[in-house]
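Novice: Encoded as structure tokens, here's the structure I'll be asking about.
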Amino acid sequence: MNLRNSFVLSAALASLLLSSAEAHHSFAAMYDAAKPVRLVGKLVKVEWTNPHSYFHLEVTGKDGNLATWACEGAGPGALSRRGFNKSDIKIGDTLIVDGYLAKAGGKIIDARRVTLPDGKVVSGGTPGDGGPGDTTGATPPAR
């Protein structure tokens, strides 16, 4: 491999690594541990993706209006190691999600605990993100 090809390959690899590192964040970078919230709602969309999964719930607010909330969870691999697989839920199911509001506002929470339709409770948090209940002992990524 010549020097030019080696440089191009290295630059492409560095770009890929940086974009995936940018997608992952620590809990404190985005969420407020002083603002816990519980959502009970109907599942309307699932994004079973890396590095974070998202569950979208249609929730009836105190004012009676419906709002769609995004609930960010761990990646599919971490969730499946905890016994939570995409096949455990389907659109229309009612989920209970305990989490924390985003610092920037909006209808997004960090899903720390998810109660599935069958009553099973799973940890939805991302391992090593430094958020409430993180027991991995890992240092959260710098941001």
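We label chains A, B, ... in the order they appear in the structure tokens, count residues from 1 in each chain, and number ligands from 1 in the order shown.
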Residues near Lys103 (chain A), anyone? I mean within 7 Å using only C-alpha atoms, not counting same-chain ones fewer than 3 positions away, as a ChimeraX atom specification.
Specialist: /A:30-32
Novice: Could those residues be written to a file, using C-alpha atoms, as a CSV table (one decimal), in the first residue's frame?
Specialist:
```
chain,number,residue,atom,x,y,z
A,30,MET,CA,-27.7,15.8,28.0
A,31,TYR,CA,-30.0,15.0,31.0
A,32,ASP,CA,-30.8,16.5,34.4
```
Novice: Find the residues of region 15-73 of chain A that sit at most 12 Å from region 84-96 of chain A; for each, write down the nearest two atoms and how far apart they are in Å, to one decimal. Count only C-alpha atoms. Sort by chain, then by number going up, and give it as a Markdown table.
Specialist:
```
| residue | atom | partner | partner_atom | distance |
| --- | --- | --- | --- | --- |
| A:Val37 | CA | A:Ile96 | CA | 10.5 |
| A:Arg38 | CA | A:Ile96 | CA | 7.0 |
| A:Leu39 | CA | A:Ile96 | CA | 5.7 |
| A:Val40 | CA | A:Ile96 | CA | 4.5 |
| A:Gly41 | CA | A:Thr94 | CA | 5.4 |
| A:Lys42 | CA | A:Thr94 | CA | 4.5 |
| A:Leu43 | CA | A:Gly92 | CA | 5.1 |
| A:Val44 | CA | A:Ile91 | CA | 5.3 |
| A:Lys45 | CA | A:Ile91 | CA | 6.5 |
| A:Val46 | CA | A:Ile91 | CA | 7.9 |
| A:Glu47 | CA | A:Lys86 | CA | 9.4 |
| A:Trp48 | CA | A:Lys86 | CA | 7.1 |
| A:Thr49 | CA | A:Lys86 | CA | 10.6 |
| A:Ser53 | CA | A:Lys86 | CA | 10.2 |
| A:Tyr54 | CA | A:Lys86 | CA | 11.3 |
| A:Phe55 | CA | A:Leu95 | CA | 9.5 |
| A:His56 | CA | A:Ile91 | CA | 9.6 |
| A:Leu57 | CA | A:Leu95 | CA | 7.9 |
| A:Glu58 | CA | A:Thr94 | CA | 9.3 |
| A:Val59 | CA | A:Thr94 | CA | 9.8 |
| A:Trp69 | CA | A:Leu95 | CA | 11.9 |
| A:Cys71 | CA | A:Ile96 | CA | 10.6 |
| A:Gly73 | CA | A:Phe84 | CA | 11.3 |
```
Novice: Take the residues from that selection and put them in a file with N, CA and C atoms, as a tab-separated table (two decimals), in the first residue's frame.
Specialist:
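Resulting contents of part.tsv:
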```
chain	number	residue	atom	x	y	z
A	37	VAL	N	-38.80	11.83	35.90
A	37	VAL	CA	-40.14	11.83	35.31
A	37	VAL	C	-40.57	10.38	35.08
A	38	ARG	N	-41.87	10.16	35.18
A	38	ARG	CA	-42.45	8.85	34.84
A	38	ARG	C	-43.45	9.08	33.72
A	39	LEU	N	-43.28	8.32	32.65
A	39	LEU	CA	-44.21	8.37	31.53
A	39	LEU	C	-44.95	7.05	31.43
A	40	VAL	N	-46.24	7.13	31.20
A	40	VAL	CA	-47.06	5.96	30.92
A	40	VAL	C	-47.73	6.26	29.60
A	41	GLY	N	-47.43	5.45	28.60
A	41	GLY	CA	-48.00	5.75	27.30
A	41	GLY	C	-47.98	4.59	26.34
A	42	LYS	N	-48.58	4.86	25.20
A	42	LYS	CA	-48.71	3.86	24.14
A	42	LYS	C	-47.49	3.97	23.21
A	43	LEU	N	-46.88	2.82	22.95
A	43	LEU	CA	-45.72	2.77	22.07
A	43	LEU	C	-46.16	3.06	20.63
A	44	VAL	N	-45.54	4.10	20.02
A	44	VAL	CA	-45.90	4.46	18.65
A	44	VAL	C	-44.74	4.26	17.67
A	45	LYS	N	-43.51	4.13	18.19
A	45	LYS	CA	-42.36	3.95	17.30
A	45	LYS	C	-41.20	3.38	18.11
A	46	VAL	N	-40.41	2.52	17.47
A	46	VAL	CA	-39.22	1.95	18.10
A	46	VAL	C	-38.05	2.13	17.13
A	47	GLU	N	-36.93	2.67	17.65
A	47	GLU	CA	-35.69	2.76	16.88
A	47	GLU	C	-34.67	1.91	17.62
A	48	TRP	N	-34.49	0.68	17.17
A	48	TRP	CA	-33.61	-0.30	17.81
A	48	TRP	C	-32.24	-0.14	17.18
A	49	THR	N	-31.54	0.94	17.52
A	49	THR	CA	-30.31	1.34	16.84
A	49	THR	C	-29.16	1.55	17.82
A	53	SER	N	-30.93	3.25	21.68
A	53	SER	CA	-32.25	2.93	21.14
A	53	SER	C	-33.19	4.07	21.56
A	54	TYR	N	-34.28	4.20	20.83
A	54	TYR	CA	-35.30	5.19	21.18
A	54	TYR	C	-36.66	4.53	21.11
A	55	PHE	N	-37.48	4.81	22.13
A	55	PHE	CA	-38.86	4.35	22.18
A	55	PHE	C	-39.71	5.60	22.21
A	56	HIS	N	-40.67	5.68	21.34
A	56	HIS	CA	-41.52	6.87	21.27
A	56	HIS	C	-42.89	6.50	21.84
A	57	LEU	N	-43.29	7.25	22.85
A	57	LEU	CA	-44.56	6.99	23.53
A	57	LEU	C	-45.52	8.14	23.32
A	58	GLU	N	-46.77	7.79	23.10
A	58	GLU	CA	-47.85	8.77	23.06
A	58	GLU	C	-48.42	8.84	24.47
A	59	VAL	N	-48.29	10.01	25.10
A	59	VAL	CA	-48.64	10.18	26.51
A	59	VAL	C	-49.72	11.24	26.63
A	69	TRP	N	-43.40	11.47	23.20
A	69	TRP	CA	-42.13	11.60	23.91
A	69	TRP	C	-41.14	10.61	23.35
A	71	CYS	N	-37.90	8.40	24.28
A	71	CYS	CA	-37.24	7.82	25.46
A	71	CYS	C	-35.95	7.16	24.99
A	73	GLY	N	-32.71	4.98	25.32
A	73	GLY	CA	-32.21	3.86	26.11
A	73	GLY	C	-30.85	3.40	25.62
```
Novice: Might you pull out every residue within 8 Å of Arg113 (chain A), with only C-alpha atoms counted and same-chain residues fewer than 6 positions away left off, and present them as a list of chain:residue names?
Specialist: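 So the residues in contact are A:Val97, A:Asp98, A:Gly99, A:Val121, A:Val122, A:Ser123, A:Gly124, A:Gly125.
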Novice: Run DSSP on the backbone and give me the residues of region 67-119 of chain A it puts in alpha helix (DSSP H), as a ChimeraX atom specification.
Specialist: /A:76-81
Novice: Those residues with C-alpha atoms, as a compact mmCIF listing (two decimals), in the first residue's frame please?
Specialist:
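As a result, again21.txt now contains:
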```txt
# COMPACT_ATOMS: atom_id res chain seq x y z
CA PRO A 76 -29.72 -3.10 21.45
CA GLY A 77 -26.80 -5.28 22.62
CA ALA A 78 -26.89 -3.94 26.18
CA LEU A 79 -30.68 -4.25 26.32
CA SER A 80 -30.69 -7.82 25.02
CA ARG A 81 -28.03 -8.82 27.60
```
Novice: Tell me, in Å to one decimal, how far CA of Leu116 (chain A) is from CA of Pro51 (chain A).
Specialist: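 If I compute the distance from CA of Leu116 (chain A) to CA of Pro51 (chain A), I get 21.3 Å.
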Novice: Given only C-alpha atoms as the basis, pick out the residue of A:Pro117, A:Glu72, A:Leu66, A:Ser26 nearest to Leu101 (chain A).
Specialist: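 Going through A:Pro117, A:Glu72, A:Leu66, A:Ser26 one by one, the smallest distance to Leu101 (chain A) is for A:Glu72.
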Novice: Give me, please, the distance in Å between CA of Asn50 (chain A) and CA of Gly75 (chain A), quoted to one decimal.
Specialist: 5.0 Å
